[in-house]
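Visitor: Can you read through this structure? Questions will come right after.
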Amino acid sequence: MGPAVREWEPPVTDEVIRTEGLTKVYPGDIRAVDGLDLSVGRGEIFGLLGPNGAGKTTTAGMLTTRVVPTSGTACVGGIDVVAHPVAAKQVIGVVPQTNTLDRSLSVYENLYFHGRFFGMSARTAKAQAQRRLEQFRLSDRAAQPVMALSGGMAQRLMVARAIMHRPATVFLDEPTAGLDPQSRLALWEVLGELHREGQTILLTTHYMEEADALCDRLAIIDHGRLLALGTPEELKASTGADTIVTVQTRPDDLDRLTQVLGREVPGAQQALRVDPHVVVQVRGADRIVPQVFAAAERAGIDITDVSVAEPSLETVFINLTGKDLRE
Ligand SMILES: Nc1ncnc2c1ncn2[C@@H]1O[C@H](COP(=O)(O)OP(=O)(O)O)[C@@H](O)[C@H]1O
Ligand SMILES: [Mg+2]
C-alpha cells in the first residue's frame with residue numbers, strides 16, 4: 001500500500017490565524033464577540049487583552065472549535081474551523097484554564113499518549129515527550145502521578161502536552177490567572193522559549209503587565225469589539241504622554257481635583273477620574289510632583305497619595321474606555 005492520502009491539505013500561509021467579522025451572540029441576545037477582525041502571523045505571540053467579560057474566552061473558544069460562531073469566519077493554519085473542525089483540531093494546541101490532565105496516567109504518559117493519539121509513532125512520541133519534559137524542567141517527575149504536581153508544574157505539563165503534536169498555533173486562555181508569582185514567571189519563561197522556537201502563540205489575559213512583557217502584538221478588546229491593535233510599544237506611544245501621574249484625594253474632591261489638574265498641571269494632556277484616583281497624562285514636563293501639589297493646594301484640595309510612572313497598557317485602556325482594567 002502507498003502512503004495514506006490526507007483528506008485535507010491545508011494551504012501554505014504565513015498567516016496562522018485569521019478572523020473576519022467573527023461574532024458570537026449567546027441566547028438572550030448577549031453579544032459576546034462582535035465583528036472581530038484579527039490576523040496573526042507565523043511565530044507571533046499575540047495577545048487578547050481585556051477585562052472580565054470582554055469576550056476573550058469566547059473568541060478563543062471559536063478559534064479552537066469549542067464555540068460555534070453566530071457569523072463571520074475563523075481560520076487557523078489556513079483551515080476554516082467551522083467548515084473543517086476535525087482538520088482544524090489537528091493544527092491547534094489548547095491549554096485549558098482548568099486542569100485536564102489524565103489522573104490515571106503518569107506525567108510522562110500524559111505526553112506520550114497525547115502524541116500517539118495525534119498519530120505519532122511510538123518512537124517519536126517517546127522522544128518528543130522526553131524532550132519536552134526536559135525542556136519544561138519536569139524530567140525528574142516523569143514517573144509520578146500528575147496528582148503529585150504543584151499548580152505551576154501541572155500548568156507547564158499542559159503546555160507541553162498542547163504542543164506535543166507540533167500544532168500551527170497554541171492557545172492559552174488566561175494562563176497565569178491564579179498562579180503564584182514564581183509559577184507565573186516560570187510559565188513566561190516557557191512561553192518565551194517556545195516563541196524562540198518559532199511557535200505561534202495566542203494568549204488571552206487581563207493582566208496588562210503580562211501582555212506587555214510577552215506579546216509581539218496585541219488586541220485590546222472590550223464588549224467583544226476590537227478597540228486597539230499593535231505592538232505594546234505602539235499602543236503605549238499612541239497615548240502621546242511620557243509621564244502618568246496618579247493622584248489620590250478624598251472621594252468628595254475627586255471631580256474637582258480632576259478639573260484642576262487637567263487645567264493647571266504644565267504639560268497635562270488630560271486628566272481622568274478613574275476611581276479612586278485622578279490619572280493625569282503629561283508630556284514634556286519636569287518636576288511634575290511639586291506642580292501637582294501646588295495646583296491642588298491653590299484649589300484647597302488635600303492630596304493623600306501621588307505616584308509617577310511611564311504610560312502603560314493600562315493608560316491605553318483608560319483612554320479607550322474611561323475605566324480601569326483592574327477588577
Ligand atoms: N455560555 C454562555 N452563555 C451565555 N453568555 C455567555 C456564555 N459564555 C460567556 N457569556 C457572556 O459573554 C460575554 C463574554 O464572556 P467571555 O468570553 O467569557 O469573556 P472573558 O473571557 O473576556 O471574560 C460575557 O458577558 C459573558 O457573561
Ligand atoms: Mg475568560
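Letters A, B, ... go to the chains of the C-alpha cells in the order shown; residues in each chain start at 1; ligands are counted from 1 in the same order.
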Which residues are near ligand 1 - at most 12 Å, using only C-alpha atoms and all ligand atoms? Format: as a PyMOL selection string.
Guide: chain A and resi 23-34+48-62+66-68+97+172-175+177+203-207+220-225+325+327
Visitor: Please write the residues from the selection above to a file, keeping C-alpha atoms, as a PDB file, in the first residue's frame.
Guide:
ATOM      1  CA  THR A  23     -19.347  37.189  16.016  1.00  0.00           C
ATOM      2  CA  LYS A  24     -20.935  35.216  18.835  1.00  0.00           C
ATOM      3  CA  VAL A  25     -24.355  36.059  20.176  1.00  0.00           C
ATOM      4  CA  TYR A  26     -25.386  33.846  23.091  1.00  0.00           C
ATOM      5  CA  PRO A  27     -29.052  33.174  23.831  1.00  0.00           C
ATOM      6  CA  GLY A  28     -30.563  36.217  25.495  1.00  0.00           C
ATOM      7  CA  ASP A  29     -29.024  38.477  22.836  1.00  0.00           C
ATOM      8  CA  ILE A  30     -25.659  38.542  24.628  1.00  0.00           C
ATOM      9  CA  ARG A  31     -23.218  39.832  22.045  1.00  0.00           C
ATOM     10  CA  ALA A  32     -20.040  38.288  23.490  1.00  0.00           C
ATOM     11  CA  VAL A  33     -17.917  38.807  20.359  1.00  0.00           C
ATOM     12  CA  ASP A  34     -18.940  41.449  17.887  1.00  0.00           C
ATOM     13  CA  LEU A  48      -6.095  39.369  23.530  1.00  0.00           C
ATOM     14  CA  LEU A  49      -6.160  41.852  26.385  1.00  0.00           C
ATOM     15  CA  GLY A  50      -9.396  42.880  28.012  1.00  0.00           C
ATOM     16  CA  PRO A  51     -11.305  42.923  31.282  1.00  0.00           C
ATOM     17  CA  ASN A  52     -13.616  40.189  32.551  1.00  0.00           C
ATOM     18  CA  GLY A  53     -16.498  39.672  30.160  1.00  0.00           C
ATOM     19  CA  ALA A  54     -14.672  41.263  27.215  1.00  0.00           C
ATOM     20  CA  GLY A  55     -15.146  38.163  25.064  1.00  0.00           C
ATOM     21  CA  LYS A  56     -11.656  36.639  25.304  1.00  0.00           C
ATOM     22  CA  THR A  57     -12.710  33.098  26.202  1.00  0.00           C
ATOM     23  CA  THR A  58     -15.489  33.120  23.616  1.00  0.00           C
ATOM     24  CA  THR A  59     -13.028  34.228  20.924  1.00  0.00           C
ATOM     25  CA  ALA A  60     -10.523  31.549  21.896  1.00  0.00           C
ATOM     26  CA  GLY A  61     -13.418  29.078  22.049  1.00  0.00           C
ATOM     27  CA  MET A  62     -14.482  29.819  18.481  1.00  0.00           C
ATOM     28  CA  ARG A  66     -15.442  24.726  21.140  1.00  0.00           C
ATOM     29  CA  VAL A  67     -17.857  27.549  20.432  1.00  0.00           C
ATOM     30  CA  VAL A  68     -19.787  27.803  17.170  1.00  0.00           C
ATOM     31  CA  GLN A  97      -7.979  27.026  32.187  1.00  0.00           C
ATOM     32  CA  LEU A 172      -3.715  29.751  26.224  1.00  0.00           C
ATOM     33  CA  ASP A 173      -6.716  31.285  27.955  1.00  0.00           C
ATOM     34  CA  GLU A 174      -5.600  33.364  30.950  1.00  0.00           C
ATOM     35  CA  PRO A 175      -2.682  31.002  31.523  1.00  0.00           C
ATOM     36  CA  ALA A 177      -4.658  33.540  36.399  1.00  0.00           C
ATOM     37  CA  LEU A 203      -2.952  34.041  24.698  1.00  0.00           C
ATOM     38  CA  THR A 204      -5.706  35.896  26.485  1.00  0.00           C
ATOM     39  CA  THR A 205      -5.072  37.872  29.605  1.00  0.00           C
ATOM     40  CA  HIS A 206      -6.466  40.646  31.721  1.00  0.00           C
ATOM     41  CA  TYR A 207      -3.007  41.384  33.145  1.00  0.00           C
ATOM     42  CA  ILE A 220      -7.291  45.320  23.251  1.00  0.00           C
ATOM     43  CA  ILE A 221     -10.902  44.216  23.350  1.00  0.00           C
ATOM     44  CA  ASP A 222     -13.968  45.159  25.359  1.00  0.00           C
ATOM     45  CA  HIS A 223     -17.612  44.201  24.856  1.00  0.00           C
ATOM     46  CA  GLY A 224     -16.472  41.834  22.123  1.00  0.00           C
ATOM     47  CA  ARG A 225     -15.051  44.629  19.999  1.00  0.00           C
ATOM     48  CA  LEU A 325      -8.514  47.329  33.540  1.00  0.00           C
ATOM     49  CA  GLU A 327     -11.149  44.306  38.646  1.00  0.00           C
TER      50      GLU A 327
END
Visitor: List every residue of region 130-283 of chain A that DSSP, applied to the backbone, labels as helix (DSSP H, G or I), and write the result as a ChimeraX atom specification.
Guide: /A:130-135,139-141,146-148,151-163,181-196,208-214,232-237,251-264
Visitor: Could you tell me which of A:Ser39, A:Glu15, A:Asn99, A:Leu202 comes closest to Thr64 (chain A) if we count only C-alpha atoms?
Guide: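 When distances to Thr64 (chain A) are compared using only C-alpha atoms, the smallest one comes from A:Leu202.
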Visitor: Considering only C-alpha atoms, return as a count of residues only whatever protein or nucleic-acid residues lie within 10 Å of Asp324 (chain A), sequence-local ones (same chain, fewer than 2 positions apart) excluded.
Guide: 13
Visitor: Just want the 6 Å neighbourhood of region 248-265 of chain A, counted on only C-alpha atoms, with same-chain residues fewer than 3 positions away dropped. Output as a VMD selection string.
Guide: chain A and resid 268 270 to 271 277 to 278 303 to 305
Visitor: Between CA of Arg116 (chain A) and CA of Gly78 (chain A), what distance in Å does the model show, to one decimal?
Guide: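 We find that CA of Arg116 (chain A) and CA of Gly78 (chain A) lie 24.1 Å from each other.
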Visitor: Of the candidates A:Pro96, A:Ala122, A:Gly240, A:Pro69, which one gets nearest to ligand 2 if we count only C-alpha atoms and all ligand atoms?
Guide: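 Closest to ligand 2, using only C-alpha atoms and all ligand atoms: A:Pro96.
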Visitor: From the set A:Thr98, A:Glu297, A:Leu227, A:Val247, which residue has the shortest atom-to-atom contact distance to ligand 2, counting only C-alpha atoms and all ligand atoms?
Guide: A:Thr98
Visitor: Kindly provide the residues of region 16-106 of chain A that approach region 127-144 of chain A to within 12 Å, each paired with its closest atom pair and their distance in Å to one decimal, based on only C-alpha atoms, listed by chain and increasing number, as JSON lines.
Guide:
{"residue": "A:Arg103", "atom": "CA", "partner": "A:Gln144", "partner_atom": "CA", "distance": 10.4}
{"residue": "A:Ser104", "atom": "CA", "partner": "A:Gln144", "partner_atom": "CA", "distance": 10.7}
{"residue": "A:Leu105", "atom": "CA", "partner": "A:Gln144", "partner_atom": "CA", "distance": 8.7}
{"residue": "A:Ser106", "atom": "CA", "partner": "A:Gln144", "partner_atom": "CA", "distance": 5.3}
Visitor: Could you turn the residues from that selection into a file that holds N, CA and C atoms, as a PDB file, in the first residue's frame?
Guide:
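New file result_12.pdb:
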ATOM      1  N   ARG A 103      -5.554  11.785  35.233  1.00  0.00           N
ATOM      2  CA  ARG A 103      -5.052  11.392  36.557  1.00  0.00           C
ATOM      3  C   ARG A 103      -4.691   9.923  36.649  1.00  0.00           C
ATOM      4  N   SER A 104      -5.146   9.140  35.676  1.00  0.00           N
ATOM      5  CA  SER A 104      -4.805   7.716  35.731  1.00  0.00           C
ATOM      6  C   SER A 104      -3.441   7.460  35.082  1.00  0.00           C
ATOM      7  N   LEU A 105      -2.855   8.511  34.513  1.00  0.00           N
ATOM      8  CA  LEU A 105      -1.568   8.363  33.832  1.00  0.00           C
ATOM      9  C   LEU A 105      -0.473   9.129  34.559  1.00  0.00           C
ATOM     10  N   SER A 106       0.756   8.705  34.324  1.00  0.00           N
ATOM     11  CA  SER A 106       1.893   9.430  34.890  1.00  0.00           C
ATOM     12  C   SER A 106       2.130  10.708  34.090  1.00  0.00           C
TER      13      SER A 106
END
Visitor: Need to verify the contact set: Phe118 (chain A), 12 Å, only C-alpha atoms, exclusion of same-chain residues closer than 6 positions in sequence. Can you return it as a PyMOL selection string?
Guide: chain A and resi 86-87+89-93+111-112+124-125+161-167
Visitor: Name the residues in contact with region 228-237 of chain A at a cut-off of 8 Å, using only C-alpha atoms, excluding same-chain residues fewer than 6 positions from it; report them as a VMD selection string.
Guide: chain A and resid 211 to 212 215 to 221 311 to 313 315 to 316
Visitor: Create the file for the chosen residues now, containing N, CA and C atoms and written as a short mmCIF file (atom, residue, chain, number, x, y, z; two decimals), in the first residue's frame.
Guide:
data_model
loop_
_atom_site.label_atom_id
_atom_site.label_comp_id
_atom_site.auth_asym_id
_atom_site.auth_seq_id
_atom_site.Cartn_x
_atom_site.Cartn_y
_atom_site.Cartn_z
N ALA A 211 0.66 41.03 29.13
CA ALA A 211 0.54 41.34 27.70
C ALA A 211 1.77 42.13 27.25
N ASP A 212 2.17 43.08 28.08
CA ASP A 212 3.31 43.94 27.74
C ASP A 212 4.60 43.13 27.68
N CYS A 215 3.88 39.78 24.67
CA CYS A 215 3.27 39.78 23.34
C CYS A 215 4.05 40.61 22.32
N ASP A 216 4.18 40.06 21.11
CA ASP A 216 4.70 40.84 19.99
C ASP A 216 3.68 41.90 19.60
N ARG A 217 2.44 41.46 19.51
CA ARG A 217 1.34 42.37 19.19
C ARG A 217 0.15 41.97 20.04
N LEU A 218 -0.73 42.91 20.24
CA LEU A 218 -1.92 42.54 20.99
C LEU A 218 -3.12 43.35 20.52
N ALA A 219 -4.28 42.75 20.77
CA ALA A 219 -5.56 43.40 20.51
C ALA A 219 -6.19 43.71 21.85
N ILE A 220 -6.54 44.96 22.05
CA ILE A 220 -7.29 45.32 23.25
C ILE A 220 -8.77 45.21 22.90
N ILE A 221 -9.48 44.39 23.66
CA ILE A 221 -10.90 44.22 23.35
C ILE A 221 -11.75 44.50 24.58
N PRO A 311 3.75 55.64 30.72
CA PRO A 311 2.49 55.12 30.20
C PRO A 311 2.55 53.60 30.11
N SER A 312 1.43 52.96 30.41
CA SER A 312 1.35 51.51 30.33
C SER A 312 0.15 51.15 29.46
N LEU A 313 -0.04 49.86 29.26
CA LEU A 313 -1.23 49.43 28.52
C LEU A 313 -2.50 49.80 29.29
N THR A 315 -2.88 52.67 30.72
CA THR A 315 -3.19 54.02 30.24
C THR A 315 -3.97 53.98 28.94
N VAL A 316 -3.52 53.09 28.05
CA VAL A 316 -4.18 52.95 26.75
C VAL A 316 -5.64 52.54 26.98
#
Visitor: Could you name the residues that touch Ile79 (chain A) at 10 Å or less, counting only C-alpha atoms, but leaving out those on the same chain fewer than 2 positions away, as a PyMOL selection string?
Guide: chain A and resi 8-11+16-18+74-77+81-89+91
Visitor: What does the file look like for those residues with C-alpha atoms, as an mmCIF file, in the first residue's frame?
Guide:
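Just written: again-v8.cif:
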data_model
loop_
_atom_site.group_PDB
_atom_site.id
_atom_site.type_symbol
_atom_site.label_atom_id
_atom_site.label_comp_id
_atom_site.auth_asym_id
_atom_site.auth_seq_id
_atom_site.Cartn_x
_atom_site.Cartn_y
_atom_site.Cartn_z
ATOM 1 C CA TRP A 8 -7.363 17.803 3.640
ATOM 2 C CA GLU A 9 -4.201 19.638 2.684
ATOM 3 C CA PRO A 10 -4.036 22.970 4.479
ATOM 4 C CA PRO A 11 -2.856 25.792 2.239
ATOM 5 C CA VAL A 16 -1.675 31.391 11.071
ATOM 6 C CA ILE A 17 -4.885 32.883 12.447
ATOM 7 C CA ARG A 18 -7.412 34.981 10.566
ATOM 8 C CA ALA A 74 -12.250 31.974 11.505
ATOM 9 C CA CYS A 75 -9.258 30.186 10.001
ATOM 10 C CA VAL A 76 -6.363 28.563 11.831
ATOM 11 C CA GLY A 77 -3.384 27.309 9.854
ATOM 12 C CA VAL A 81 -12.538 25.960 11.824
ATOM 13 C CA VAL A 82 -16.299 25.877 11.256
ATOM 14 C CA ALA A 83 -16.221 24.045 7.926
ATOM 15 C CA HIS A 84 -13.428 21.629 8.916
ATOM 16 C CA PRO A 85 -13.381 21.260 12.713
ATOM 17 C CA VAL A 86 -11.687 17.859 12.697
ATOM 18 C CA ALA A 87 -8.847 19.029 10.462
ATOM 19 C CA ALA A 88 -8.586 22.258 12.470
ATOM 20 C CA LYS A 89 -8.119 20.349 15.741
ATOM 21 C CA VAL A 91 -3.265 22.059 13.917
#
Visitor: In Å, how far is it from CA of Ser71 (chain A) to CA of Asp37 (chain A)?
Guide: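 CA of Asp37 (chain A) lies 12.1 Å from CA of Ser71 (chain A).
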Visitor: Could you tell me which of A:Met120, A:Ala295, A:Leu63, A:Glu197 comes closest to Phe171 (chain A) if we count only C-alpha atoms?
Guide: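 Comparing A:Met120, A:Ala295, A:Leu63, A:Glu197 against Phe171 (chain A), the winner is A:Leu63.
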